[in-house]
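*Asks:* Shown below is the structure under consideration.
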Amino acid sequence: MANFFLSAAPLILFFPLIGAATIALFGPYVHRSASAFIGCLSVGLSFLLTVGVAFVILPLPLAQQAQFDHSHFVGYWAHIPPYLIISFRLLLDPLALLWMLIITGVGLLIHVYSVGYMAESKNYRTFFSYMNLFVFMMLLLVMSDNFLWLLVGWGGVGLASYLLIGFDYERPIAVLAARKALIMNVIGDVGIMIAMFLMYAHFGSVSFQNVFNNPAQIGTSALSWIGIWLLVGAVAKSAQLPLQTWLPDAMEGPTPVSALIHAATMVTAGVYLIARAHPIYDNAPLAAEIVAIVGGVTAIFAATIGCVQYDIKRVLAYSTMSQIGYMILAVGVGAYAAGAFHFMTHAFFKALLFMAAGLVIHAIGGEQDIRKMGGLASKLPFAFWTFLIGAIAISGIFPFAGFFSKDDVLDAVLTFHHPVLFVCVLVAAGLTAFYMFRLVFLTFLTGPYRGTHEVHADADRTMTVPVAILAVLSVVGGWFVLPHHDAIAAMLRGSFSDAPLPQAAEFNVGLTFGVLALALAGIAFAWAAYQWRPQIATALHRSLSGLHDLLFNAYYVDVLYDWLFQRPTYALALWLRDTFEVDAITALPAAGVRLGAALGELANRWETGYLRRYGLTFVVGAALLLFLYLFLSHGSAAGAAP
């Protein structure tokens, strides 16, 4: 049975691709429900195979993990020995398997949820084709055993996200958001390409095995530059400072897209990249330090912005940015197991939050402004309780999933002696609890319903069942690290046998209760300001209106980028259009046309039909050929003479 799962492992990657191609080619000729069935089936089969492979590989002891060949040869992309040999191998080590389980497992739940949520879409078949394409590209990214194929998946994920964010192409704001996401992600693609060029220059290869075998051989400076350029890719894909502005705008995509791309999978690709390249960062402390700083600063940066947003999905978007900051910080300080653990729990509760928010949005006619909600707990009890579970989990309240993984990250940051970054994420933890319960109170509890749309509490089971499953996982998903059952750290030792791995189960009691108290304080303040005495929030808004405007506009980073990059680029483009394009680009083809016309006119005048003119042409041509022959022969003879 083990051999069956290992031999069938490539199908994990190719099932979603087959599904996407099948829907695209045959979807228009079958009932629309068949497209949804194919989309869900393809991801479901990938998930089942991934589970089977995980049961074969993960239980192996550490000694056997080190000897086990985790790569699966598929073919060659380039085979020109000894100059260029790039194979296509699939990597099935514990780190890749953890991401594969989340991509296919949570991806399957979101696919099922989409069956009901997108039921009214006129492009229903196209949506599932895009979703399958995204899953394929994400799997290619994490299953590749070299940076070339990782980059192919990396760029493919950016393309698929562009298609999904701009899915409602009739809405200009969605198209602009998709374009912005694509441009930001391409910046990251360039960063990874430069890192690959440096790898090939120093190692002569871009395969993980050759690059990671002995990275210290090329010196710290070169490794630092490779690590920094890889970080550029991670920053763009994971929406970290300073390339974070695309993520809030990406909420213009349908809610299942937000749950899949911007909660559970795509935005965590940067975490995977840094964790995968850990031998580089372990030997390049400067690059690792920069990674940690970016993660810590982004965590508190995004958390402050989330405190004042009114769009329910934008609050969750900034929350995602902040939580990814935790993961980036963890892998930056070398706590790879902690970062991967928080990735797993975050996938559960953030997908839950987006999908529960989708139930609300779906029920009130697409409204996303929480100022037009309120009092929905009694009208939408299922959405309320599941959203509340997600809010408790992300706030880090015992015994929900986020409590264990967030505590693990904070403990690692403190253990590895980063006091300033520890304070940043500690404050971010308190702010997270505040803005999440501000969202809960304003959406579900505070006052009567303030919206203008009628509430329709008739969600399909395809929407409620996946949400219920994620709610359960958000409760129990952190129990892997209960004493003597530290499964996550033990599982990942096969991928990080040469890296420091603090035990996630060894909690710092003072830290644990301190963070828990801070989270409870954030919840209490949200209750006081938005439920018990709403005038407190009004008074704070008035007295801190300048700070509120600064945070509401996300520190005006978009405005800054508009003045620094967008406006000058448009001005340059307009100038080139009005000057260079007219004088050079347009003039060159016109000159070619005029030259061709002149030559044609000359030929036309020569071709008169008179025999004597044709005879003269023949004689002159023969004379020229004879002269050329004699000239070349004389030149060759003179060159050969001593």
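Naming works like this for the structure tokens: A, B, ... for the chains as they're shown, residue 1 at the start of each chain, ligands 1 onward in shown order.
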Pick out the residues sitting within 7 Å of Met463 in chain A, and hand them over as a list in words; count only C-alpha atoms, and ignore anything fewer than 3 positions along from it in its own chain.

*Replies:* Tyr113, Gly116, Tyr117, Ala459, Asp460, Pro466 and Val467 of chain A

*Asks:* Just write the chosen residues, C-alpha atoms, as a short mmCIF file (atom, residue, chain, number, x, y, z; two decimals), in the first residue's frame.

*Replies:*
data_model
loop_
_atom_site.label_atom_id
_atom_site.label_comp_id
_atom_site.auth_asym_id
_atom_site.auth_seq_id
_atom_site.Cartn_x
_atom_site.Cartn_y
_atom_site.Cartn_z
CA TYR A 113 -18.44 26.17 0.05
CA GLY A 116 -23.50 27.36 -2.83
CA TYR A 117 -21.88 30.77 -2.56
CA ALA A 459 -27.63 29.26 3.46
CA ASP A 460 -27.13 26.04 1.53
CA PRO A 466 -17.46 23.29 5.48
CA VAL A 467 -17.81 26.17 7.93
#

*Asks:* List as a tab-separated table every residue of range 80-115 of chain A that is in contact with range 121-139 of chain A, defined as an atom at most 12 Å from one of its atoms (using only C-alpha atoms), together with the nearest atom pair and the distance in Å rounded to one decimal, sorted by chain and then rising number.

*Replies:*
residue	atom	partner	partner_atom	distance
A:Leu90	CA	A:Leu139	CA	9.9
A:Leu91	CA	A:Leu139	CA	10.5
A:Leu92	CA	A:Leu139	CA	11.1
A:Ala96	CA	A:Leu139	CA	9.0
A:Leu97	CA	A:Leu139	CA	10.0
A:Leu98	CA	A:Leu139	CA	11.4
A:Trp99	CA	A:Leu139	CA	8.4
A:Met100	CA	A:Leu139	CA	6.5
A:Leu101	CA	A:Leu139	CA	10.0
A:Ile102	CA	A:Leu139	CA	10.3
A:Ile103	CA	A:Val135	CA	7.0
A:Thr104	CA	A:Val135	CA	7.4
A:Gly105	CA	A:Val135	CA	10.8
A:Val106	CA	A:Val135	CA	10.7
A:Gly107	CA	A:Val135	CA	7.4
A:Leu108	CA	A:Val135	CA	9.6
A:Ile110	CA	A:Met131	CA	9.6
A:His111	CA	A:Met131	CA	7.7
A:Val112	CA	A:Phe128	CA	10.3
A:Tyr113	CA	A:Phe128	CA	11.5
A:Ser114	CA	A:Phe128	CA	8.4
A:Val115	CA	A:Tyr124	CA	8.8

*Asks:* Now that the selection is made, can you save its residues with C-alpha atoms as an mmCIF file, in the first residue's frame?

*Replies:*
data_model
loop_
_atom_site.group_PDB
_atom_site.id
_atom_site.type_symbol
_atom_site.label_atom_id
_atom_site.label_comp_id
_atom_site.auth_asym_id
_atom_site.auth_seq_id
_atom_site.Cartn_x
_atom_site.Cartn_y
_atom_site.Cartn_z
ATOM 1 C CA LEU A 90 8.430 16.291 -6.715
ATOM 2 C CA LEU A 91 9.475 16.827 -3.110
ATOM 3 C CA LEU A 92 7.524 14.925 -0.462
ATOM 4 C CA ALA A 96 5.987 20.061 1.821
ATOM 5 C CA LEU A 97 3.437 17.556 3.123
ATOM 6 C CA LEU A 98 2.176 19.961 5.795
ATOM 7 C CA TRP A 99 1.515 22.613 3.138
ATOM 8 C CA MET A 100 0.030 20.018 0.783
ATOM 9 C CA LEU A 101 -2.408 18.838 3.448
ATOM 10 C CA ILE A 102 -3.606 22.389 4.084
ATOM 11 C CA ILE A 103 -3.770 23.326 0.390
ATOM 12 C CA THR A 104 -5.811 20.286 -0.563
ATOM 13 C CA GLY A 105 -7.786 19.852 2.695
ATOM 14 C CA VAL A 106 -8.831 23.436 3.326
ATOM 15 C CA GLY A 107 -8.958 23.955 -0.447
ATOM 16 C CA LEU A 108 -11.515 21.144 -0.717
ATOM 17 C CA ILE A 110 -13.583 26.076 0.187
ATOM 18 C CA HIS A 111 -14.441 24.429 -3.139
ATOM 19 C CA VAL A 112 -17.512 22.834 -1.555
ATOM 20 C CA TYR A 113 -18.445 26.170 0.052
ATOM 21 C CA SER A 114 -18.193 27.816 -3.367
ATOM 22 C CA VAL A 115 -20.848 25.487 -4.784
#

*Asks:* With only C-alpha atoms as the counted atoms, please give the residues lying no more than 10 Å from Leu431 in chain A, apart from itself and same-chain residues fewer than 5 positions off, as a list in words.

*Replies:* Ile300, Ala302, Ala303, Thr304, Ile305, Gly306, Cys307, Ser319, Ser395, Val425, Leu426, Met436, Phe437, Leu518, Ala519, Ala521, Gly522, Ile523 and Ala526 of chain A

*Asks:* Write to file, as a compact mmCIF listing (two decimals), in the first residue's frame, the residues of the selection just made, with N, CA and C atoms.

*Replies:*
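Listing of part_16.txt after writing:
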# COMPACT_ATOMS: atom_id res chain seq x y z
N ILE A 300 2.60 44.39 13.81
CA ILE A 300 1.98 45.50 14.56
C ILE A 300 1.43 46.56 13.62
N ALA A 302 -0.02 46.15 10.64
CA ALA A 302 -1.34 45.74 10.14
C ALA A 302 -2.37 45.69 11.25
N ALA A 303 -1.95 45.30 12.46
CA ALA A 303 -2.89 45.20 13.58
C ALA A 303 -3.46 46.57 13.93
N THR A 304 -2.64 47.61 13.89
CA THR A 304 -3.15 48.95 14.19
C THR A 304 -4.17 49.41 13.15
N ILE A 305 -3.93 49.07 11.89
CA ILE A 305 -4.86 49.48 10.84
C ILE A 305 -6.19 48.74 10.99
N GLY A 306 -6.14 47.46 11.35
CA GLY A 306 -7.35 46.67 11.50
C GLY A 306 -8.30 47.19 12.56
N CYS A 307 -7.80 48.00 13.48
CA CYS A 307 -8.62 48.48 14.59
C CYS A 307 -9.68 49.49 14.16
N SER A 319 -5.92 41.56 9.30
CA SER A 319 -5.62 40.51 10.27
C SER A 319 -4.72 39.45 9.66
N SER A 395 -7.66 35.22 18.52
CA SER A 395 -7.28 36.05 19.66
C SER A 395 -6.34 35.32 20.61
N VAL A 425 5.13 42.10 18.63
CA VAL A 425 4.11 41.07 18.43
C VAL A 425 3.25 40.89 19.67
N LEU A 426 3.77 41.24 20.83
CA LEU A 426 2.96 41.18 22.04
C LEU A 426 1.85 42.23 21.97
N MET A 436 -10.79 42.09 16.56
CA MET A 436 -11.65 40.97 16.18
C MET A 436 -12.97 41.01 16.94
N PHE A 437 -12.93 41.37 18.22
CA PHE A 437 -14.19 41.43 18.97
C PHE A 437 -14.92 42.74 18.71
N LEU A 518 -3.51 39.68 28.31
CA LEU A 518 -3.52 40.80 27.36
C LEU A 518 -4.64 40.64 26.34
N ALA A 519 -4.83 39.42 25.86
CA ALA A 519 -5.91 39.16 24.90
C ALA A 519 -7.27 39.40 25.54
N ALA A 521 -7.88 41.39 27.97
CA ALA A 521 -8.02 42.83 28.15
C ALA A 521 -8.47 43.50 26.85
N GLY A 522 -7.92 43.05 25.73
CA GLY A 522 -8.35 43.58 24.44
C GLY A 522 -9.82 43.29 24.18
N ILE A 523 -10.27 42.09 24.51
CA ILE A 523 -11.68 41.73 24.34
C ILE A 523 -12.56 42.58 25.25
N ALA A 526 -12.92 46.08 23.88
CA ALA A 526 -13.84 46.09 22.75
C ALA A 526 -15.28 46.01 23.23

*Asks:* Nearest to Thr462 in chain A among A:Leu6, A:Leu611, A:Leu359, A:Ile165, with distances taken over only C-alpha atoms: which residue is it?

*Replies:* A:Leu359

*Asks:* Quick one: DSSP alpha helix (DSSP H) residues in range 360-518 of chain A, as a ChimeraX atom specification?

*Replies:* /A:360-363,381-395,401-415,419-440,461-476,487-492,509-518

*Asks:* Grab the CA of Pro256 in chain A to CA of Val475 in chain A distance for me, in Å with one decimal place.

*Replies:* 21.4 Å

*Asks:* Taking only residues of range 146-256 of chain A that have an atom at most 12 Å from an atom of range 265-285 of chain A, what is each one's shortest atom pair and its distance in Å to one decimal, using only C-alpha atoms, in chain and number order, as CSV?

*Replies:*
residue,atom,partner,partner_atom,distance
A:Asn146,CA,A:Arg276,CA,10.6
A:Phe147,CA,A:Leu273,CA,9.7
A:Leu150,CA,A:Leu273,CA,9.0
A:Leu151,CA,A:Leu273,CA,10.4
A:Gly153,CA,A:Ala269,CA,10.3
A:Trp154,CA,A:Ala269,CA,8.2
A:Gly155,CA,A:Met266,CA,11.2
A:Gly156,CA,A:Met266,CA,10.8
A:Val157,CA,A:Met266,CA,7.2
A:Gly158,CA,A:Met266,CA,8.5
A:Leu159,CA,A:Met266,CA,11.5
A:Ala160,CA,A:Met266,CA,10.2
A:Ser161,CA,A:Met266,CA,8.4
A:Tyr162,CA,A:Met266,CA,11.8
A:Ala181,CA,A:Val267,CA,11.6
A:Asn185,CA,A:Val267,CA,10.7
A:Gly188,CA,A:Gly270,CA,9.8
A:Asp189,CA,A:Gly270,CA,11.5
A:Ile192,CA,A:Leu273,CA,10.0
A:Ala195,CA,A:Ile280,CA,11.3
A:Met199,CA,A:Ile280,CA,10.7
A:Val206,CA,A:Ala277,CA,11.7
A:Ser207,CA,A:Ala277,CA,11.2
A:Phe208,CA,A:Ala277,CA,8.2
A:Gln209,CA,A:Pro279,CA,10.7
A:Asn210,CA,A:Pro279,CA,11.4
A:Val211,CA,A:Ile280,CA,8.5
A:Phe212,CA,A:Pro279,CA,5.8
A:Asn213,CA,A:Pro279,CA,8.4
A:Asn214,CA,A:Pro279,CA,8.4
A:Pro215,CA,A:Ile280,CA,6.2
A:Ala216,CA,A:Asn283,CA,6.3
A:Gln217,CA,A:Asn283,CA,10.0
A:Ile218,CA,A:Asn283,CA,10.3
A:Gly219,CA,A:Asn283,CA,8.7
A:Thr220,CA,A:Ala284,CA,5.6
A:Ser221,CA,A:Ala284,CA,7.6
A:Ala222,CA,A:Ala284,CA,8.7
A:Leu223,CA,A:Ala284,CA,5.8
A:Ser224,CA,A:Ala284,CA,5.1
A:Trp225,CA,A:Ala284,CA,8.8
A:Ile226,CA,A:Ile280,CA,7.9
A:Gly227,CA,A:Tyr281,CA,6.4
A:Ile228,CA,A:Tyr281,CA,9.4
A:Trp229,CA,A:Ile274,CA,11.0
A:Leu230,CA,A:Ile274,CA,7.6
A:Leu231,CA,A:Ile274,CA,7.4
A:Val232,CA,A:Gly270,CA,9.2
A:Gly233,CA,A:Gly270,CA,7.0
A:Ala234,CA,A:Gly270,CA,3.8
A:Val235,CA,A:Gly270,CA,6.6
A:Ala236,CA,A:Gly270,CA,8.0
A:Lys237,CA,A:Val267,CA,5.7
A:Ser238,CA,A:Val267,CA,4.1
A:Ala239,CA,A:Val267,CA,6.8
A:Gln240,CA,A:Gly270,CA,9.3
A:Gln244,CA,A:Val267,CA,10.5
A:Trp246,CA,A:Val267,CA,11.2
A:Leu247,CA,A:Val267,CA,8.9
A:Ala250,CA,A:Val267,CA,11.6

*Asks:* Produce a file of the selected residues containing C-alpha atoms, as a PDB file, in the first residue's frame.

*Replies:*
ATOM      1  CA  ASN A 146      14.334  23.128  -7.272  1.00  0.00           C
ATOM      2  CA  PHE A 147      13.934  26.875  -7.484  1.00  0.00           C
ATOM      3  CA  LEU A 150       9.158  26.698  -7.551  1.00  0.00           C
ATOM      4  CA  LEU A 151       9.306  29.941  -9.552  1.00  0.00           C
ATOM      5  CA  GLY A 153       4.447  27.687  -9.456  1.00  0.00           C
ATOM      6  CA  TRP A 154       5.123  31.041  -7.825  1.00  0.00           C
ATOM      7  CA  GLY A 155       4.295  32.944 -11.003  1.00  0.00           C
ATOM      8  CA  GLY A 156       1.367  30.639 -11.746  1.00  0.00           C
ATOM      9  CA  VAL A 157      -0.158  31.351  -8.344  1.00  0.00           C
ATOM     10  CA  GLY A 158       0.127  35.065  -9.095  1.00  0.00           C
ATOM     11  CA  LEU A 159      -1.628  34.569 -12.439  1.00  0.00           C
ATOM     12  CA  ALA A 160      -4.412  32.456 -10.904  1.00  0.00           C
ATOM     13  CA  SER A 161      -4.927  35.011  -8.126  1.00  0.00           C
ATOM     14  CA  TYR A 162      -5.152  37.755 -10.763  1.00  0.00           C
ATOM     15  CA  ALA A 181      -1.991  42.281  -7.052  1.00  0.00           C
ATOM     16  CA  ASN A 185       3.584  39.802  -7.200  1.00  0.00           C
ATOM     17  CA  GLY A 188       8.486  39.366  -5.986  1.00  0.00           C
ATOM     18  CA  ASP A 189       9.000  37.112  -9.004  1.00  0.00           C
ATOM     19  CA  ILE A 192      13.391  35.245  -6.765  1.00  0.00           C
ATOM     20  CA  ALA A 195      18.324  35.044  -6.231  1.00  0.00           C
ATOM     21  CA  MET A 199      22.670  30.658  -6.884  1.00  0.00           C
ATOM     22  CA  VAL A 206      19.270  25.832  -8.608  1.00  0.00           C
ATOM     23  CA  SER A 207      18.232  22.489  -7.108  1.00  0.00           C
ATOM     24  CA  PHE A 208      17.541  22.419  -3.376  1.00  0.00           C
ATOM     25  CA  GLN A 209      19.960  19.541  -2.841  1.00  0.00           C
ATOM     26  CA  ASN A 210      22.929  21.244  -4.492  1.00  0.00           C
ATOM     27  CA  VAL A 211      22.273  24.678  -3.010  1.00  0.00           C
ATOM     28  CA  PHE A 212      21.502  23.498   0.518  1.00  0.00           C
ATOM     29  CA  ASN A 213      24.160  20.780   0.716  1.00  0.00           C
ATOM     30  CA  ASN A 214      26.928  23.138   1.863  1.00  0.00           C
ATOM     31  CA  PRO A 215      25.778  26.755   1.584  1.00  0.00           C
ATOM     32  CA  ALA A 216      28.588  28.094   3.786  1.00  0.00           C
ATOM     33  CA  GLN A 217      31.116  27.350   1.034  1.00  0.00           C
ATOM     34  CA  ILE A 218      30.331  30.587  -0.844  1.00  0.00           C
ATOM     35  CA  GLY A 219      30.666  33.002   2.050  1.00  0.00           C
ATOM     36  CA  THR A 220      28.255  34.967   4.205  1.00  0.00           C
ATOM     37  CA  SER A 221      28.033  38.005   1.940  1.00  0.00           C
ATOM     38  CA  ALA A 222      26.797  36.068  -1.105  1.00  0.00           C
ATOM     39  CA  LEU A 223      24.372  34.074   1.038  1.00  0.00           C
ATOM     40  CA  SER A 224      23.020  37.280   2.546  1.00  0.00           C
ATOM     41  CA  TRP A 225      22.264  38.693  -0.893  1.00  0.00           C
ATOM     42  CA  ILE A 226      20.575  35.471  -1.951  1.00  0.00           C
ATOM     43  CA  GLY A 227      18.513  35.515   1.243  1.00  0.00           C
ATOM     44  CA  ILE A 228      17.538  39.165   0.781  1.00  0.00           C
ATOM     45  CA  TRP A 229      16.388  38.638  -2.811  1.00  0.00           C
ATOM     46  CA  LEU A 230      14.389  35.589  -1.731  1.00  0.00           C
ATOM     47  CA  LEU A 231      12.840  37.793   0.954  1.00  0.00           C
ATOM     48  CA  VAL A 232      11.699  40.221  -1.756  1.00  0.00           C
ATOM     49  CA  GLY A 233       9.695  37.374  -3.264  1.00  0.00           C
ATOM     50  CA  ALA A 234       8.310  36.372   0.124  1.00  0.00           C
ATOM     51  CA  VAL A 235       7.372  39.953   1.018  1.00  0.00           C
ATOM     52  CA  ALA A 236       5.409  40.422  -2.208  1.00  0.00           C
ATOM     53  CA  LYS A 237       3.538  37.122  -2.057  1.00  0.00           C
ATOM     54  CA  SER A 238       2.827  37.261   1.684  1.00  0.00           C
ATOM     55  CA  ALA A 239       1.813  40.953   1.708  1.00  0.00           C
ATOM     56  CA  GLN A 240       4.495  42.130   4.107  1.00  0.00           C
ATOM     57  CA  GLN A 244       1.569  44.839   1.332  1.00  0.00           C
ATOM     58  CA  TRP A 246      -2.380  44.706  -2.737  1.00  0.00           C
ATOM     59  CA  LEU A 247      -3.921  42.455  -0.076  1.00  0.00           C
ATOM     60  CA  ALA A 250      -7.818  41.964  -3.195  1.00  0.00           C
TER      61      ALA A 250
END

*Asks:* Quick one: pull the distance between CA of Tyr310 in chain A and CA of Met344 in chain A, Å, one decimal.

*Replies:*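 Computing it gives 27.5 Å between the two atoms.
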
*Asks:* Can you work out which one of A:Thr538, A:Thr320, A:Gln531, A:Ser7 has the shortest atom-to-atom distance to Ile261 in chain A, counting only C-alpha atoms?

*Replies:* A:Thr320

*Asks:* Of the residues A:Gly365, A:Gly514, A:Gly52, A:Gly402, which is the one nearest to Thr345 in chain A, using only C-alpha atoms?

*Replies:*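 Residue with the minimum atom-to-atom distance to Thr345 in chain A: A:Gly402.
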
*Asks:* Between A:Ala554, A:Val440, A:Leu58, A:Ile23, which has the minimum distance to Pro248 in chain A (counting only C-alpha atoms)?

*Replies:*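 When distances to Pro248 in chain A are compared using only C-alpha atoms, the smallest one comes from A:Ala554.
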
*Asks:* Figure out the distance between CA of Leu109 in chain A and CA of Ala20 in chain A, please, to one decimal in Å.

*Replies:*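 So the answer is 17.1 Å.
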
*Asks:* Pick the closest to Val515 in chain A from A:Glu170, A:Glu581, A:Asp549, A:Asp407: which is it, counting only C-alpha atoms?

*Replies:*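 The closest residue to Val515 in chain A is A:Asp407.
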
*Asks:* Which residues come within 9 Å of Leu376 in chain A, counting only C-alpha atoms, excluding same-chain residues fewer than 4 positions away, as a PyMOL selection string?

*Replies:* chain A and resi 360+380-381+383-384+443-446+448-449+455

*Asks:* Once you have the residues from the selection above, write them out as a compact mmCIF listing (two decimals), in the first residue's frame, restricted to N, CA and C atoms.

*Replies:*
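What ended up in again22.txt:
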# COMPACT_ATOMS: atom_id res chain seq x y z
N VAL A 360 -22.64 35.95 6.21
CA VAL A 360 -23.30 37.22 6.54
C VAL A 360 -23.50 38.05 5.27
N LEU A 380 -28.88 35.37 12.31
CA LEU A 380 -27.94 34.43 11.68
C LEU A 380 -27.15 33.71 12.78
N PRO A 381 -27.79 32.86 13.55
CA PRO A 381 -27.10 32.25 14.70
C PRO A 381 -25.92 31.37 14.30
N ALA A 383 -23.94 31.62 11.63
CA ALA A 383 -22.83 32.50 11.25
C ALA A 383 -22.22 33.15 12.48
N PHE A 384 -23.05 33.55 13.43
CA PHE A 384 -22.55 34.21 14.64
C PHE A 384 -21.66 33.27 15.45
N THR A 443 -20.90 43.68 14.24
CA THR A 443 -21.60 42.89 13.22
C THR A 443 -22.80 42.14 13.79
N PHE A 444 -22.64 41.55 14.96
CA PHE A 444 -23.65 40.62 15.44
C PHE A 444 -24.44 41.09 16.66
N LEU A 445 -23.89 41.97 17.48
CA LEU A 445 -24.50 42.21 18.79
C LEU A 445 -24.97 43.65 19.01
N THR A 446 -24.16 44.64 18.67
CA THR A 446 -24.46 46.01 19.04
C THR A 446 -25.72 46.53 18.34
N PRO A 448 -29.83 47.22 17.17
CA PRO A 448 -30.65 46.49 16.20
C PRO A 448 -29.95 46.46 14.84
N TYR A 449 -30.51 45.69 13.94
CA TYR A 449 -29.96 45.60 12.59
C TYR A 449 -30.07 46.96 11.91
N VAL A 455 -32.69 40.35 5.50
CA VAL A 455 -31.80 39.27 5.90
C VAL A 455 -32.39 37.94 5.45

*Asks:* Find the residue from A:Tyr614, A:Phe88, A:Phe627, A:Phe349 that sits nearest to Met143 in chain A; use only C-alpha atoms when measuring.

*Replies:* A:Phe88

*Asks:* Near Gly339 in chain A, within 6 Å and counting only C-alpha atoms, which residues show up once chain neighbours fewer than 3 positions away are dropped, as a CSV table (one decimal) with C-alpha atoms, in the first residue's frame?

*Replies:*
chain,number,residue,atom,x,y,z
A,327,MET,CA,4.9,33.5,10.8
A,330,ALA,CA,9.1,33.0,13.6
A,331,VAL,CA,11.0,31.6,10.6
A,336,TYR,CA,10.7,27.0,11.8
A,342,HIS,CA,0.9,28.9,13.2
